[in-house]
$ cat final_22.pdb   # PDB, C-alpha atoms
ATOM      1  CA  MET A   1      25.264 -14.287 -13.152
ATOM      2  CA  THR A   2      26.983 -12.128 -15.789
ATOM      3  CA  ASP A   3      26.050 -14.588 -18.537
ATOM      4  CA  THR A   4      22.409 -14.443 -17.451
ATOM      5  CA  ILE A   5      22.397 -10.653 -17.503
ATOM      6  CA  ASP A   6      23.949 -10.708 -20.978
ATOM      7  CA  TRP A   7      21.116 -13.029 -22.013
ATOM      8  CA  LEU A   8      18.586 -10.558 -20.627
ATOM      9  CA  LEU A   9      20.208  -7.666 -22.479
ATOM     10  CA  ALA A  10      20.002  -9.652 -25.719
ATOM     11  CA  SER A  11      16.329 -10.418 -25.162
ATOM     12  CA  GLU A  12      13.695  -9.454 -27.721
ATOM     13  CA  GLU A  13      11.558  -8.178 -24.820
ATOM     14  CA  PRO A  14      12.286  -4.473 -24.322
ATOM     15  CA  TRP A  15      10.584  -4.387 -20.887
ATOM     16  CA  ALA A  16      13.047  -7.019 -19.656
ATOM     17  CA  ARG A  17      16.010  -5.168 -21.180
ATOM     18  CA  TYR A  18      14.831  -1.845 -19.786
ATOM     19  CA  ARG A  19      14.356  -3.045 -16.211
ATOM     20  CA  THR A  20      17.616  -5.014 -16.337
ATOM     21  CA  LEU A  21      19.534  -1.878 -17.298
ATOM     22  CA  VAL A  22      17.820   0.262 -14.660
ATOM     23  CA  ASP A  23      17.397  -2.146 -11.743
ATOM     24  CA  LEU A  24      20.263  -4.616 -12.094
ATOM     25  CA  LEU A  25      22.927  -2.440 -13.729
ATOM     26  CA  GLU A  26      21.765   0.891 -12.242
ATOM     27  CA  ARG A  27      21.992   2.749 -15.518
ATOM     28  CA  PRO A  28      20.454   6.260 -15.451
ATOM     29  CA  GLN A  29      17.468   7.193 -17.568
ATOM     30  CA  GLN A  30      19.764   9.369 -19.700
ATOM     31  CA  ASP A  31      21.816   6.333 -20.758
ATOM     32  CA  ALA A  32      21.516   5.648 -24.489
ATOM     33  CA  GLN A  33      20.762   1.933 -24.042
ATOM     34  CA  VAL A  34      18.117   2.718 -21.434
ATOM     35  CA  GLY A  35      16.483   5.231 -23.746
ATOM     36  CA  THR A  36      16.455   2.785 -26.658
ATOM     37  CA  ALA A  37      14.981  -0.045 -24.593
ATOM     38  CA  ARG A  38      12.342   2.248 -23.126
ATOM     39  CA  ALA A  39      11.310   3.603 -26.508
ATOM     40  CA  GLU A  40      11.027   0.083 -27.895
ATOM     41  CA  MET A  41       8.959  -0.945 -24.877
ATOM     42  CA  LEU A  42       6.510   1.932 -25.324
ATOM     43  CA  SER A  43       6.012   1.118 -28.996
ATOM     44  CA  HIS A  44       5.769  -2.648 -28.600
ATOM     45  CA  PRO A  45       2.369  -4.035 -29.704
ATOM     46  CA  LEU A  46       1.857  -6.018 -26.501
ATOM     47  CA  VAL A  47       2.553  -2.982 -24.319
ATOM     48  CA  ARG A  48       0.371  -0.781 -26.518
ATOM     49  CA  GLY A  49      -2.390  -3.312 -26.004
ATOM     50  CA  LEU A  50      -2.017  -3.012 -22.222
ATOM     51  CA  ILE A  51      -2.119   0.779 -22.440
ATOM     52  CA  ASP A  52      -5.311   0.631 -24.509
ATOM     53  CA  GLN A  53      -6.869  -1.775 -22.024
ATOM     54  CA  ALA A  54      -5.896   0.453 -19.096
ATOM     55  CA  ALA A  55      -7.239   3.558 -20.872
ATOM     56  CA  ALA A  56     -10.630   1.827 -21.195
ATOM     57  CA  TRP A  57     -10.762   1.394 -17.404
ATOM     58  CA  PRO A  58     -12.538  -0.440 -15.928
ATOM     59  CA  GLY A  59     -13.848  -2.441 -18.869
ATOM     60  CA  TYR A  60     -16.199  -4.549 -16.787
ATOM     61  CA  ALA A  61     -17.004  -5.249 -13.146
ATOM     62  CA  LEU A  62     -14.784  -7.635 -11.224
ATOM     63  CA  LYS A  63     -16.493 -10.876 -10.263
ATOM     64  CA  ARG A  64     -13.403 -12.452  -8.717
ATOM     65  CA  HIS A  65     -10.199 -10.763  -7.659
ATOM     66  CA  ASN A  66      -7.875 -13.179  -9.440
ATOM     67  CA  ASP A  67      -9.365 -12.440 -12.860
ATOM     68  CA  ALA A  68      -6.144 -11.887 -14.797
ATOM     69  CA  ARG A  69      -8.081 -10.495 -17.794
ATOM     70  CA  HIS A  70      -9.258  -7.449 -15.869
ATOM     71  CA  ALA A  71      -7.797  -4.016 -16.579
ATOM     72  CA  ILE A  72      -6.586  -3.707 -12.978
ATOM     73  CA  TYR A  73      -3.781  -6.117 -13.885
ATOM     74  CA  ALA A  74      -2.991  -4.272 -17.097
ATOM     75  CA  LEU A  75      -2.420  -1.241 -14.866
ATOM     76  CA  SER A  76      -0.248  -3.090 -12.350
ATOM     77  CA  THR A  77       1.823  -4.732 -15.093
ATOM     78  CA  LEU A  78       2.463  -1.389 -16.782
ATOM     79  CA  ALA A  79       3.551  -0.133 -13.358
ATOM     80  CA  ASP A  80       5.908  -3.108 -12.998
ATOM     81  CA  PHE A  81       7.402  -2.354 -16.403
ATOM     82  CA  GLY A  82       8.084   1.245 -15.385
ATOM     83  CA  LEU A  83       5.632   3.325 -17.380
ATOM     84  CA  HIS A  84       4.885   6.915 -16.353
ATOM     85  CA  VAL A  85       1.807   9.099 -16.530
ATOM     86  CA  SER A  86       3.604  11.222 -19.132
ATOM     87  CA  ASP A  87       4.029   8.310 -21.529
ATOM     88  CA  PRO A  88       1.778   8.274 -24.630
ATOM     89  CA  GLY A  89      -1.696   6.995 -23.862
ATOM     90  CA  MET A  90      -1.280   6.842 -20.084
ATOM     91  CA  THR A  91      -3.149  10.003 -19.068
ATOM     92  CA  PRO A  92      -6.619   8.610 -19.933
ATOM     93  CA  ALA A  93      -5.952   5.543 -17.791
ATOM     94  CA  VAL A  94      -4.815   7.606 -14.820
ATOM     95  CA  GLU A  95      -7.746  10.009 -15.089
ATOM     96  CA  ALA A  96     -10.210   7.124 -15.326
ATOM     97  CA  VAL A  97      -8.858   5.562 -12.129
ATOM     98  CA  LEU A  98      -8.804   8.850 -10.222
ATOM     99  CA  ALA A  99     -12.400   9.586 -11.238
ATOM    100  CA  HIS A 100     -13.669   7.131  -8.609
ATOM    101  CA  GLN A 101     -12.434   7.620  -5.052
ATOM    102  CA  SER A 102     -14.402   6.833  -1.915
ATOM    103  CA  GLU A 103     -15.053   9.344   0.843
ATOM    104  CA  GLU A 104     -12.641   7.327   2.992
ATOM    105  CA  GLY A 105      -9.875   7.853   0.440
ATOM    106  CA  ALA A 106      -9.633   4.421  -1.202
ATOM    107  CA  LEU A 107      -9.640   4.171  -4.979
ATOM    108  CA  GLN A 108     -12.661   2.310  -6.297
ATOM    109  CA  THR A 109     -13.309  -0.534  -8.720
ATOM    110  CA  PRO A 110     -16.668  -1.740 -10.065
ATOM    111  CA  ILE A 111     -17.303  -5.072  -8.343
ATOM    112  CA  ARG A 112     -20.074  -7.626  -8.798
ATOM    113  CA  LEU A 113     -21.461  -8.426  -5.354
ATOM    114  CA  TYR A 114     -23.731 -11.209  -4.188
ATOM    115  CA  LYS A 115     -26.113 -11.136  -1.254
ATOM    116  CA  ARG A 116     -25.277 -14.723  -0.307
ATOM    117  CA  PHE A 117     -21.817 -13.565   0.759
ATOM    118  CA  GLY A 118     -23.210 -11.096   3.252
ATOM    119  CA  GLY A 119     -23.208  -8.091   0.954
ATOM    120  CA  ILE A 120     -25.616  -6.502  -1.477
ATOM    121  CA  ASP A 121     -26.569  -7.746  -4.924
ATOM    122  CA  GLY A 122     -25.453  -5.903  -8.026
ATOM    123  CA  GLU A 123     -22.493  -4.078  -9.543
ATOM    124  CA  TRP A 124     -21.091  -1.259  -7.422
ATOM    125  CA  TRP A 125     -18.228   1.196  -7.548
ATOM    126  CA  THR A 126     -16.603   0.331  -4.246
ATOM    127  CA  TRP A 127     -13.329  -0.857  -2.739
ATOM    128  CA  MET A 128     -11.878  -3.857  -0.974
ATOM    129  CA  GLY A 129      -8.478  -4.583   0.481
ATOM    130  CA  CYS A 130      -7.753  -6.839  -2.488
ATOM    131  CA  ASP A 131      -8.207  -4.189  -5.192
ATOM    132  CA  ALA A 132      -7.734  -0.627  -3.901
ATOM    133  CA  PRO A 133      -4.025  -1.080  -2.995
ATOM    134  CA  THR A 134      -3.261  -2.356  -6.494
ATOM    135  CA  LEU A 135      -4.679   0.824  -8.015
ATOM    136  CA  LEU A 136      -2.681   2.879  -5.526
ATOM    137  CA  TYR A 137       0.497   0.969  -6.376
ATOM    138  CA  ALA A 138      -0.026   1.713 -10.055
ATOM    139  CA  LEU A 139      -0.617   5.436  -9.533
ATOM    140  CA  LEU A 140       2.434   5.755  -7.283
ATOM    141  CA  ALA A 141       4.568   3.910  -9.832
ATOM    142  CA  PHE A 142       3.232   6.139 -12.614
ATOM    143  CA  GLY A 143       4.654   9.176 -10.812
ATOM    144  CA  LEU A 144       1.631  10.618  -8.987
ATOM    145  CA  ARG A 145       3.018  10.592  -5.449
ATOM    146  CA  LYS A 146       2.323  14.309  -4.951
ATOM    147  CA  ASP A 147      -1.260  14.247  -6.190
ATOM    148  CA  ASP A 148      -3.590  15.108  -3.294
ATOM    149  CA  ARG A 149      -5.959  12.281  -4.178
ATOM    150  CA  VAL A 150      -3.120   9.781  -4.118
ATOM    151  CA  ARG A 151      -1.952  11.161  -0.762
ATOM    152  CA  ARG A 152      -5.453  10.573   0.629
ATOM    153  CA  ALA A 153      -5.350   6.991  -0.626
ATOM    154  CA  VAL A 154      -1.947   6.405   0.984
ATOM    155  CA  ASP A 155      -3.132   7.769   4.325
ATOM    156  CA  HIS A 156      -6.231   5.609   4.166
ATOM    157  CA  LEU A 157      -4.234   2.460   3.411
ATOM    158  CA  VAL A 158      -1.816   3.084   6.277
ATOM    159  CA  GLY A 159      -4.738   3.681   8.621
ATOM    160  CA  LEU A 160      -6.213   0.261   7.808
ATOM    161  CA  ALA A 161      -3.194  -1.652   9.126
ATOM    162  CA  GLU A 162      -3.799  -3.555  12.367
ATOM    163  CA  GLU A 163      -1.250  -5.108  14.699
ATOM    164  CA  ASN A 164      -1.373  -8.290  12.576
ATOM    165  CA  GLY A 165      -1.316  -6.492   9.237
ATOM    166  CA  TRP A 166      -4.173  -5.804   6.864
ATOM    167  CA  ARG A 167      -7.393  -7.702   7.381
ATOM    168  CA  CYS A 168     -10.255  -8.377   4.976
ATOM    169  CA  THR A 169     -11.432  -4.779   4.922
ATOM    170  CA  THR A 170     -14.068  -3.280   2.638
ATOM    171  CA  SER A 171     -15.986  -0.073   2.201
ATOM    172  CA  ARG A 172     -18.443   0.611   4.993
ATOM    173  CA  ASP A 173     -21.101   0.862   2.267
ATOM    174  CA  LEU A 174     -20.916  -2.924   1.860
ATOM    175  CA  GLY A 175     -22.324  -3.684   5.274
ATOM    176  CA  SER A 176     -21.248  -7.032   6.705
ATOM    177  CA  PHE A 177     -19.513  -8.326   3.570
ATOM    178  CA  LYS A 178     -16.121  -9.989   4.054
ATOM    179  CA  GLY A 179     -14.095 -12.879   2.684
ATOM    180  CA  PRO A 180     -14.229 -16.504   3.871
ATOM    181  CA  GLY A 181     -12.233 -16.208   7.083
ATOM    182  CA  ARG A 182     -12.309 -14.964  10.647
ATOM    183  CA  ARG A 183     -12.820 -11.236  10.882
ATOM    184  CA  GLU A 184      -9.798 -10.747  13.170
ATOM    185  CA  ASP A 185      -7.417 -12.677  10.891
ATOM    186  CA  PRO A 186      -5.160 -10.924   8.383
ATOM    187  CA  CYS A 187      -5.735 -11.512   4.670
ATOM    188  CA  PRO A 188      -2.486 -12.682   3.033
ATOM    189  CA  VAL A 189      -3.099 -11.242  -0.431
ATOM    190  CA  ALA A 190      -4.336  -7.928   0.985
ATOM    191  CA  ASN A 191      -1.014  -7.656   2.828
ATOM    192  CA  VAL A 192       0.922  -8.325  -0.381
ATOM    193  CA  TYR A 193      -0.991  -5.646  -2.284
ATOM    194  CA  ALA A 194      -0.760  -3.108   0.533
ATOM    195  CA  LEU A 195       2.958  -3.624   1.076
ATOM    196  CA  LYS A 196       3.661  -3.281  -2.631
ATOM    197  CA  ALA A 197       2.039   0.144  -2.600
ATOM    198  CA  LEU A 198       3.827   1.261   0.583
ATOM    199  CA  SER A 199       7.173   0.114  -0.833
ATOM    200  CA  LEU A 200       6.997   3.106  -3.192
ATOM    201  CA  GLU A 201       6.715   5.526  -0.277
ATOM    202  CA  PRO A 202      10.253   5.968   1.142
ATOM    203  CA  ASP A 203       8.972   7.405   4.419
ATOM    204  CA  LEU A 204       6.770   4.359   4.992
ATOM    205  CA  VAL A 205       9.148   1.518   4.128
ATOM    206  CA  ARG A 206      10.117   1.145   7.820
ATOM    207  CA  SER A 207       6.754   2.191   9.229
ATOM    208  CA  ARG A 208       4.704   0.316  11.805
ATOM    209  CA  ALA A 209       2.272  -0.697   9.078
ATOM    210  CA  ALA A 210       5.037  -2.067   6.847
ATOM    211  CA  ARG A 211       6.523  -4.055   9.717
ATOM    212  CA  ALA A 212       3.140  -5.484  10.660
ATOM    213  CA  GLY A 213       2.445  -6.570   7.072
ATOM    214  CA  THR A 214       5.854  -8.123   6.433
ATOM    215  CA  THR A 215       5.741  -9.917   9.786
ATOM    216  CA  MET A 216       2.352 -11.365   8.849
ATOM    217  CA  LEU A 217       3.632 -12.778   5.543
ATOM    218  CA  LEU A 218       6.771 -14.234   7.120
ATOM    219  CA  TRP A 219       4.648 -15.796   9.873
ATOM    220  CA  HIS A 220       2.403 -17.386   7.273
ATOM    221  CA  TRP A 221       5.413 -18.918   5.519
ATOM    222  CA  GLU A 222       6.795 -20.176   8.821
ATOM    223  CA  HIS A 223       3.474 -21.794   9.726
ATOM    224  CA  ARG A 224       2.610 -22.931   6.206
ATOM    225  CA  ALA A 225       1.992 -26.528   7.247
ATOM    226  CA  GLU A 226      -0.444 -25.498   9.951
ATOM    227  CA  ARG A 227      -2.596 -22.642   8.783
ATOM    228  CA  LYS A 228      -4.592 -21.276   5.901
ATOM    229  CA  LEU A 229      -5.886 -17.729   6.122
ATOM    230  CA  PHE A 230      -8.934 -16.744   4.061
ATOM    231  CA  LEU A 231      -8.354 -19.938   2.007
ATOM    232  CA  PHE A 232      -4.778 -18.856   1.177
ATOM    233  CA  GLY A 233      -2.306 -21.644   1.726
ATOM    234  CA  VAL A 234       1.414 -22.113   1.102
ATOM    235  CA  GLY A 235       1.499 -25.372  -0.795
ATOM    236  CA  THR A 236       2.328 -26.737  -4.233
ATOM    237  CA  ASP A 237       0.424 -24.107  -6.197
ATOM    238  CA  PHE A 238       1.949 -21.306  -4.114
ATOM    239  CA  ARG A 239       5.444 -22.431  -5.155
ATOM    240  CA  LYS A 240       4.757 -22.268  -8.891
ATOM    241  CA  LEU A 241       6.396 -19.418 -10.807
ATOM    242  CA  LYS A 242       3.712 -17.209 -12.285
ATOM    243  CA  TYR A 243       3.262 -13.715 -13.714
ATOM    244  CA  PRO A 244       1.595 -11.208 -13.877
ATOM    245  CA  PHE A 245       1.381 -10.571 -10.162
ATOM    246  CA  VAL A 246      -2.293 -11.246  -9.689
ATOM    247  CA  TRP A 247      -2.562 -13.476  -6.638
ATOM    248  CA  TYR A 248      -0.780 -15.082  -3.694
ATOM    249  CA  ASP A 249       2.243 -17.021  -4.939
ATOM    250  CA  ILE A 250       5.915 -17.339  -4.112
ATOM    251  CA  LEU A 251       7.380 -14.955  -6.697
ATOM    252  CA  HIS A 252       4.840 -12.234  -5.932
ATOM    253  CA  VAL A 253       5.308 -12.520  -2.170
ATOM    254  CA  ALA A 254       9.100 -12.688  -2.339
ATOM    255  CA  ASP A 255       9.327  -9.744  -4.726
ATOM    256  CA  VAL A 256       7.218  -7.616  -2.404
ATOM    257  CA  LEU A 257       9.082  -8.653   0.747
ATOM    258  CA  SER A 258      12.428  -7.955  -0.941
ATOM    259  CA  ARG A 259      11.454  -4.273  -1.172
ATOM    260  CA  PHE A 260      11.846  -3.930   2.621
ATOM    261  CA  PRO A 261      15.508  -3.909   3.716
ATOM    262  CA  PHE A 262      14.810  -5.155   7.245
ATOM    263  CA  VAL A 263      13.361  -8.390   5.810
ATOM    264  CA  LEU A 264      16.362  -9.390   3.695
ATOM    265  CA  THR A 265      18.310 -11.177   6.443
ATOM    266  CA  ASP A 266      15.295 -12.951   7.917
ATOM    267  CA  PRO A 267      15.839 -16.751   7.623
ATOM    268  CA  ARG A 268      12.188 -17.256   6.673
ATOM    269  CA  PHE A 269      12.522 -14.886   3.734
ATOM    270  CA  GLN A 270      15.799 -16.468   2.679
ATOM    271  CA  GLU A 271      14.175 -19.886   2.779
ATOM    272  CA  MET A 272      11.375 -18.577   0.563
ATOM    273  CA  VAL A 273      13.904 -17.236  -1.941
ATOM    274  CA  THR A 274      15.630 -20.622  -2.009
ATOM    275  CA  GLY A 275      12.261 -22.046  -3.038
ATOM    276  CA  ILE A 276      12.555 -19.808  -6.108
ATOM    277  CA  THR A 277      16.240 -20.245  -6.957
ATOM    278  CA  ASP A 278      15.912 -24.024  -6.774
ATOM    279  CA  GLN A 279      13.705 -23.696  -9.871
ATOM    280  CA  ALA A 280      16.389 -22.103 -12.060
ATOM    281  CA  ASP A 281      17.824 -24.135 -14.913
ATOM    282  CA  GLY A 282      21.524 -24.842 -15.364
ATOM    283  CA  GLU A 283      22.054 -21.427 -16.920
ATOM    284  CA  GLY A 284      20.313 -19.494 -14.154
ATOM    285  CA  ARG A 285      17.153 -18.882 -16.155
ATOM    286  CA  TYR A 286      13.568 -19.296 -15.008
ATOM    287  CA  THR A 287      10.555 -20.783 -16.766
ATOM    288  CA  ALA A 288       6.918 -20.392 -15.794
ATOM    289  CA  THR A 289       5.424 -23.385 -14.010
ATOM    290  CA  SER A 290       1.940 -21.905 -14.100
ATOM    291  CA  MET A 291       0.253 -19.360 -16.338
ATOM    292  CA  TYR A 292      -2.805 -17.192 -16.898
ATOM    293  CA  ARG A 293      -4.425 -17.964 -20.248
ATOM    294  CA  ALA A 294      -5.307 -14.307 -20.730
ATOM    295  CA  TRP A 295      -1.551 -13.655 -21.013
ATOM    296  CA  LYS A 296      -0.676 -16.578 -23.309
ATOM    297  CA  ASP A 297       1.080 -14.299 -25.827
ATOM    298  CA  TRP A 298       3.758 -13.325 -23.317
ATOM    299  CA  SER A 299       6.905 -15.348 -22.578
ATOM    300  CA  PHE A 300       6.216 -15.404 -18.855
ATOM    301  CA  ALA A 301       3.130 -17.522 -19.647
ATOM    302  CA  ASN A 302       5.125 -20.060 -21.662
ATOM    303  CA  LYS A 303       5.847 -23.170 -19.591
ATOM    304  CA  LYS A 304       8.293 -24.610 -22.143
ATOM    305  CA  THR A 305      10.838 -21.816 -22.624
ATOM    306  CA  PRO A 306      12.822 -19.681 -20.142
ATOM    307  CA  SER A 307      11.301 -16.250 -19.655
ATOM    308  CA  PRO A 308      13.503 -13.136 -19.622
ATOM    309  CA  TRP A 309      10.959 -11.304 -17.446
ATOM    310  CA  LEU A 310      10.664 -14.061 -14.821
ATOM    311  CA  THR A 311      14.445 -14.371 -14.817
ATOM    312  CA  PHE A 312      14.815 -10.630 -14.315
ATOM    313  CA  ILE A 313      12.410 -10.664 -11.346
ATOM    314  CA  ALA A 314      14.324 -13.496  -9.674
ATOM    315  CA  LEU A 315      17.671 -11.745 -10.222
ATOM    316  CA  ARG A 316      16.293  -8.483  -8.865
ATOM    317  CA  ILE A 317      15.250 -10.230  -5.653
ATOM    318  CA  LEU A 318      18.759 -11.657  -5.353
ATOM    319  CA  ARG A 319      20.337  -8.293  -6.072
ATOM    320  CA  ARG A 320      18.314  -6.662  -3.313
ATOM    321  CA  MET A 321      19.752  -9.331  -1.034
ATOM    322  CA  GLY A 322      23.277  -8.492  -2.174
ATOM    323  CA  MET A 323      23.601 -11.830  -3.982
ATOM    324  CA  ALA A 324      23.640 -10.701  -7.627
ATOM    325  CA  ALA A 325      25.731  -8.333  -9.731
TER     326      ALA A 325
END

$ encode --input "final_22.pdb" --output "structure tokens"
Amino acid sequence: MTDTIDWLLASEEPWARYRTLVDLLERPQQDAQVGTARAEMLSHPLVRGLIDQAAAWPGYALKRHNDARHAIYALSTLADFGLHVSDPGMTPAVEAVLAHQSEEGALQTPIRLYKRFGGIDGEWWTWMGCDAPTLLYALLAFGLRKDDRVRRAVDHLVGLAEENGWRCTTSRDLGSFKGPGRREDPCPVANVYALKALSLEPDLVRSRAARAGTTMLLWHWEHRAERKLFLFGVGTDFRKLKYPFVWYDILHVADVLSRFPFVLTDPRFQEMVTGITDQADGEGRYTATSMYRAWKDWSFANKKTPSPWLTFIALRILRRMGMAA
């Protein structure tokens, strides 16, 4: 494991070095190496491109929620890297997101809707359970936990949790619109997004809502051969290593579940993690087995070469389990 961490620290990717120092080695922000890696990350052309994309929020209306080109995933990736609202260029992005909040409290995204799916035709600023939590996650990660608008969004998200987790929930303005599943069923990807946001709220990590959502995801893994929910299955594609965290796949789900301490000893979670570690090469490094073309310039979208960022994510999961230095 030490050799792999040394490899990460020698990486040309400052976001991988930065998060390795902070999350795996627990170096403080005042540490000289941390400061150098962070400065290099903020000035890196690829990261600057993400900041510019986020600042132009929303860019265009979402037509499908796994559109990796959309600015919503620029925001969530910047959050994963550890950017803050005070970093250069971030304030316009944050203000643009906060400019659209529903009366219920959810943060809104422009979405292209179609009448044939039970909704209303056109592009609308609205929210669904598969977009609003991602915006909330980003704002919480950017350091806006105390903002009253963010607090409203947190309260709203917690209030949406049912006994079986988060369902396919949308703004009441959308009428009867919902995804392709039974109304009483939970939506797997909505649970992933919601839990990721709640993981940044220390008082909610062991909440009823968090337990309902994690239980739902573990149940889905356990019953993967029997049940799809809202067309989400746990098959070959689910097991492919992929980033950014856009959709429902093994690395995304395991990373989110690993944020909840009461999940770490669950045999179902441990089995899921084994499905990841079995994909490491002989040196403990991880290579993408699937990719989003919109991110082809990043190493985590290269299926031929080990990725420092994917390797870091896998090691962080293991560290949370007490299995990595």

$ closest_residue --input "final_22.pdb" --among "A:Phe312, A:Trp295, A:Tyr286, A:Trp166" --to "A:Ala212" --atoms "only C-alpha atoms"
A:Trp166

$ closest_atom_pairs --input "final_22.pdb" --of "stretch 154-199 of chain A" --to "stretch 103-115 of chain A" --cutoff "9 Å" --atoms "all atoms listed in the file" --output "Markdown table"
| residue | atom | partner | partner_atom | distance |
| --- | --- | --- | --- | --- |
| A:Val154 | CA | A:Gly105 | CA | 8.1 |
| A:Asp155 | CA | A:Gly105 | CA | 7.8 |
| A:His156 | CA | A:Gly105 | CA | 5.7 |
| A:Leu157 | CA | A:Ala106 | CA | 7.4 |
| A:Ser171 | CA | A:Glu104 | CA | 8.2 |
| A:Phe177 | CA | A:Lys115 | CA | 8.6 |

$ atom_distance --input "final_22.pdb" --atom1 "atom CA of A:Ala93" --atom2 "atom CA of A:Ala54"
5.3 Å

$ resolve_selection --input "final_22.pdb" --expression "the PyMOL selection byres ((chain A and resi 76) around 12)" --output "mmCIF file with C-alpha atoms, in the coordinates of the input"
data_model
loop_
_atom_site.group_PDB
_atom_site.id
_atom_site.type_symbol
_atom_site.label_atom_id
_atom_site.label_comp_id
_atom_site.auth_asym_id
_atom_site.auth_seq_id
_atom_site.Cartn_x
_atom_site.Cartn_y
_atom_site.Cartn_z
ATOM 1 C CA LEU A 50 -2.017 -3.012 -22.222
ATOM 2 C CA ILE A 51 -2.119 0.779 -22.440
ATOM 3 C CA GLN A 53 -6.869 -1.775 -22.024
ATOM 4 C CA ALA A 54 -5.896 0.453 -19.096
ATOM 5 C CA ALA A 68 -6.144 -11.887 -14.797
ATOM 6 C CA HIS A 70 -9.258 -7.449 -15.869
ATOM 7 C CA ALA A 71 -7.797 -4.016 -16.579
ATOM 8 C CA ILE A 72 -6.586 -3.707 -12.978
ATOM 9 C CA TYR A 73 -3.781 -6.117 -13.885
ATOM 10 C CA ALA A 74 -2.991 -4.272 -17.097
ATOM 11 C CA LEU A 75 -2.420 -1.241 -14.866
ATOM 12 C CA THR A 77 1.823 -4.732 -15.093
ATOM 13 C CA LEU A 78 2.463 -1.389 -16.782
ATOM 14 C CA ALA A 79 3.551 -0.133 -13.358
ATOM 15 C CA ASP A 80 5.908 -3.108 -12.998
ATOM 16 C CA PHE A 81 7.402 -2.354 -16.403
ATOM 17 C CA GLY A 82 8.084 1.245 -15.385
ATOM 18 C CA LEU A 83 5.632 3.325 -17.380
ATOM 19 C CA HIS A 84 4.885 6.915 -16.353
ATOM 20 C CA ALA A 93 -5.952 5.543 -17.791
ATOM 21 C CA VAL A 94 -4.815 7.606 -14.820
ATOM 22 C CA ASP A 131 -8.207 -4.189 -5.192
ATOM 23 C CA ALA A 132 -7.734 -0.627 -3.901
ATOM 24 C CA PRO A 133 -4.025 -1.080 -2.995
ATOM 25 C CA THR A 134 -3.261 -2.356 -6.494
ATOM 26 C CA LEU A 135 -4.679 0.824 -8.015
ATOM 27 C CA LEU A 136 -2.681 2.879 -5.526
ATOM 28 C CA TYR A 137 0.497 0.969 -6.376
ATOM 29 C CA ALA A 138 -0.026 1.713 -10.055
ATOM 30 C CA LEU A 139 -0.617 5.436 -9.533
ATOM 31 C CA LEU A 140 2.434 5.755 -7.283
ATOM 32 C CA ALA A 141 4.568 3.910 -9.832
ATOM 33 C CA PHE A 142 3.232 6.139 -12.614
ATOM 34 C CA TYR A 193 -0.991 -5.646 -2.284
ATOM 35 C CA LYS A 196 3.661 -3.281 -2.631
ATOM 36 C CA ALA A 197 2.039 0.144 -2.600
ATOM 37 C CA TYR A 243 3.262 -13.715 -13.714
ATOM 38 C CA PRO A 244 1.595 -11.208 -13.877
ATOM 39 C CA PHE A 245 1.381 -10.571 -10.162
ATOM 40 C CA VAL A 246 -2.293 -11.246 -9.689
#

$ residues_around --input "final_22.pdb" --residues "A:Pro202" --least-positions-apart "3" --cutoff "12 Å" --atoms "only C-alpha atoms" --output "list of chain:residue names"
A:Leu140, A:Arg145, A:Lys196, A:Ala197, A:Leu198, A:Ser199, A:Val205, A:Arg206, A:Ser207, A:Ala210, A:Arg259, A:Phe260, A:Pro261

$ resolve_selection --input "final_22.pdb" --expression "the PyMOL selection byres ((chain A and resi 18) around 12)" --output "NGL selection string"
:A and (5 or 8-17 or 19-29 or 31-42 or 80-83 or 308-309 or 312)

$ residues_near_point --input "final_22.pdb" --point "(-10.7, -5.5, -2.0)" --cutoff "8 Å" --atoms "only C-alpha atoms" --output "list in words"
His65, Trp127, Met128, Gly129, Cys130, Asp131, Ala132, Cys168, Thr169, Thr170 and Ala190 of chain A

$ resolve_selection --input "final_22.pdb" --expression "the PyMOL selection byres ((chain A and resi 163) around 9)" --output "list of chain:residue names"
A:Ala161, A:Glu162, A:Asn164, A:Gly165, A:Trp166, A:Arg208, A:Ala209, A:Ala212, A:Gly213

$ atom_distance --input "final_22.pdb" --atom1 "atom CA of A:Trp247" --atom2 "atom CA of A:Val189"
6.6 Å

$ closest_residue --input "final_22.pdb" --among "A:Ile317, A:Glu123, A:Trp298, A:Gln101" --to "A:Lys242" --atoms "all atoms listed in the file"
A:Trp298

$ atom_distance --input "final_22.pdb" --atom1 "atom CA of A:Pro45" --atom2 "atom CA of A:Gln30"
24.1 Å

$ residues_near_point --input "final_22.pdb" --point "(11.9, -25.5, -23.1)" --cutoff "12 Å" --atoms "only C-alpha atoms" --output "MDAnalysis selection string"
chainID A and resid 281 285:289 299 302:307

$ closest_residue --input "final_22.pdb" --among "A:Asp121, A:Asp87, A:Glu95, A:Asp297" --to "A:Ala56" --atoms "all atoms listed in the file"
A:Glu95

$ decode --input "final_22.pdb" --residues "stretch 222-226 of chain A" --atoms "N, CA and C atoms" --output "compact mmCIF listing (two decimals), in the first residue's frame"
# COMPACT_ATOMS: atom_id res chain seq x y z
N GLU A 222 -27.70 -7.01 -2.51
CA GLU A 222 -28.01 -8.37 -2.05
C GLU A 222 -28.95 -9.09 -3.01
N HIS A 223 -29.89 -8.35 -3.57
CA HIS A 223 -30.90 -8.94 -4.45
C HIS A 223 -30.64 -8.61 -5.91
N ARG A 224 -29.37 -8.43 -6.26
CA ARG A 224 -29.01 -7.96 -7.60
C ARG A 224 -29.43 -8.92 -8.71
N ALA A 225 -29.51 -10.20 -8.39
CA ALA A 225 -29.90 -11.16 -9.43
C ALA A 225 -31.41 -11.21 -9.64
N GLU A 226 -32.14 -10.56 -8.75
CA GLU A 226 -33.60 -10.70 -8.78
C GLU A 226 -34.33 -9.44 -9.23
